[in-house]
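So the structure is just underneath, and the comments pick up after that.
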Amino acid sequence: MVRVTDAVRPRLARAAGIVRPRLARVAATARPRVARLTRVAKPQLARLTATGPNARSWQYGAGAATVGLALAAGVVTVAGPWDSTGQRTAERDRATALERTGGGDHGRTADSSRTSDTAAGAPRPAPSAASVLVGLGGGADVVVKSAPKALPTGAGVASVLTPLLADPVLGARHAAAVVDVATGRRLYGAGAGTGLTPASTTKIATAVAALSAMGGEHRLTTRTVLEPDTRELVLVGGGDPTLTARDDGAGRAGLRTLAASTAAALKKRGLTHVTLSYDTTLYAGSEVHPIGPNGNLARVTALSADEGRPDDSTSGPVTRVPDPAADATRTFAAFLKADGITTTPPGPSKATTRAKSLASVSSPPLSVLVERMLTNSDNDIAEALARHTALATGVRADFAGGGAAVRARLKKLGLPTAGVRIMDGSGLDRQDRITANLLTALLVKAADPARPDLRPVLTGLPVAGFTGTLADRYADGAAGVVRAKTGTLTGVNALAGTVVDQDGRLLAFAFLAAGATDPGAAQAALDRAATALAGCGCR
């Protein structure tokens, strides 16, 4: 007997709830496609069900396949409008797909102040956004066309959003902005020029600044050097927040790989015992965030492994090791020992200009780091990218310098920085101030066909109901239609991203709320506002 288990039943119910409201409107359109697919599949299914003792199993599989095809056809039609290549026109209009890997880090995670699932409990990685956004039969060189239907009106958007954003659960102060991405025209604004605490939506600003300063192909390199006179081996931190000591690096730079290459280079020089040191001087200032020690962020240092996590977690709050650089170097020493090289206990040092390079490992491209930061709301990556933005622009690489470099970079891009104060890269600092105007301008800039280097800002946004910090939200018709960065601190809720409206236009939105006393209710209120945008033509 074929049974639906208790574990699966809630997911099926959720999926049915998402699809059911729109299926009724499109059944007539979908039916011919389903019939055609069934006719094509029937002869093959007949052969399968007539062979061998497993015929009964094949029948169940065939039935499931037919039902799946029918459901897929209905959902595909619902999600329109579509062009001749089978792609959503609004998405192709605004997304220039880049040929890169991505999405591998899009696991179920939580925002900076929420408990998250670990990798063991996460779903399979989402597909790379580039392959999703390129239409069937289309390519990255597809000509960008205007969005399909009439522009929503300001009055129409206001009639939908104003009562929703007046909900008392959002607290005493809130701000909002909505912009049509294709034209850059602002459709709605309420306190849009007032700076409020942005929480993790700050990461959108950090992402744009870092990509514009360094480029999406930039990589962060960790290396080893040997001092010629003292035979001191120095592990030089390159500020790679994704450096890992784990067996499965999932494309990240690995300490094991670096140790093996370093050991081979040392043996070629006839060395099997060295003095071991580590260099973290790439960064300046305090390693401790102004909020103090916090499970949402390790000490910010140029050298760490697995974000200073003492367990197998990959995201979410956890007590970090007290000295990530020393801990990473001790782990490196153990790997060297396994490769036949013994060392002294490691200590801090600074590599000289006379030191000879032995080996190096590099992070994934910056574009991938940005996607991971946004999807997972990764504070450690955010603070590293702010410091690298400072380094790339000649500013002191500490908390204040990183924030100043990000703001200066945004101003250079011509973005509205009035009322904006950025104190860190992650948004954990409650002194940060960002406007709804800036957040929407950042998203529009990232969608600009003339700035494909900024596209990871859009492809990294969590997808409602599916990935990252939105994986467990939007169990309704807005699932898969809203893509947004979340922000949560005590008394602060924020949401900024993009949504495809009922007419197929891509809208950028930003909602900021301060003074909420019930974070769950405030979050739900912001979700309702984004869902309302998805469901309206607003004319």
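Lettering and numbering for the structure tokens are positional, with chains as A, B, ... in the shown order, residues counted from 1 in each chain, and ligands counted from 1 in the shown order.
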
Check your understanding: Could you pull out all residues of region 228-308 of chain A with a DSSP call of helix (DSSP H, G or I) and give them as number ranges by chain?
Key -> A: 255-268, 306-308

Store the residues picked out above in a file with C-alpha atoms, as a PDB file, in the first residue's frame.
ATOM      1  CA  LEU A 255      43.710  24.249   5.878  1.00  0.00           C
ATOM      2  CA  ARG A 256      44.359  20.572   5.136  1.00  0.00           C
ATOM      3  CA  THR A 257      45.251  21.376   1.531  1.00  0.00           C
ATOM      4  CA  LEU A 258      47.471  24.253   2.622  1.00  0.00           C
ATOM      5  CA  ALA A 259      49.243  22.051   5.173  1.00  0.00           C
ATOM      6  CA  ALA A 260      49.909  19.305   2.633  1.00  0.00           C
ATOM      7  CA  SER A 261      51.364  21.748   0.101  1.00  0.00           C
ATOM      8  CA  THR A 262      53.416  23.487   2.781  1.00  0.00           C
ATOM      9  CA  ALA A 263      54.804  20.197   4.100  1.00  0.00           C
ATOM     10  CA  ALA A 264      55.868  19.194   0.580  1.00  0.00           C
ATOM     11  CA  ALA A 265      57.613  22.548   0.067  1.00  0.00           C
ATOM     12  CA  LEU A 266      59.426  22.262   3.414  1.00  0.00           C
ATOM     13  CA  LYS A 267      60.626  18.727   2.671  1.00  0.00           C
ATOM     14  CA  LYS A 268      62.069  19.908  -0.633  1.00  0.00           C
ATOM     15  CA  ASP A 306      35.142  27.619  10.158  1.00  0.00           C
ATOM     16  CA  GLU A 307      34.217  31.016  11.626  1.00  0.00           C
ATOM     17  CA  GLY A 308      35.646  29.958  14.988  1.00  0.00           C
TER      18      GLY A 308
END

Using only C-alpha atoms, find each residue of region 172-211 of chain A with at least one atom at most 10 Å away from an atom of region 484-508 of chain A; report its shortest atom-to-atom pair and that distance in Å (one decimal), sort the rows by chain and rising residue number, and return the result as CSV.
residue,atom,partner,partner_atom,distance
A:Arg173,CA,A:Val492,CA,9.9
A:His174,CA,A:Ala494,CA,9.4
A:Ala175,CA,A:Ala494,CA,9.5
A:Ala176,CA,A:Ala496,CA,9.3
A:Ala177,CA,A:Ala508,CA,8.1
A:Val178,CA,A:Ala508,CA,5.6
A:Val179,CA,A:Ala508,CA,5.1
A:Asp180,CA,A:Leu507,CA,4.7
A:Val181,CA,A:Leu507,CA,5.4
A:Ala182,CA,A:Leu506,CA,7.1
A:Thr183,CA,A:Leu507,CA,9.9
A:Gly184,CA,A:Ala508,CA,9.2
A:Arg185,CA,A:Leu507,CA,9.9
A:Arg186,CA,A:Ala508,CA,9.3
A:Leu187,CA,A:Leu507,CA,9.2
A:Leu196,CA,A:Val492,CA,9.1
A:Thr197,CA,A:Val492,CA,7.0
A:Pro198,CA,A:Ala494,CA,6.3
A:Ala199,CA,A:Gly487,CA,4.7
A:Ser200,CA,A:Gly487,CA,4.3
A:Thr201,CA,A:Gly487,CA,5.3
A:Thr202,CA,A:Gly487,CA,8.2
A:Lys203,CA,A:Lys485,CA,8.3
A:Ile204,CA,A:Lys485,CA,7.6

Practice item. Work out how far apart CA of Leu226 (chain A) and CA of Ala355 (chain A) are and give it in Å to one decimal. Key: 5.2 Å
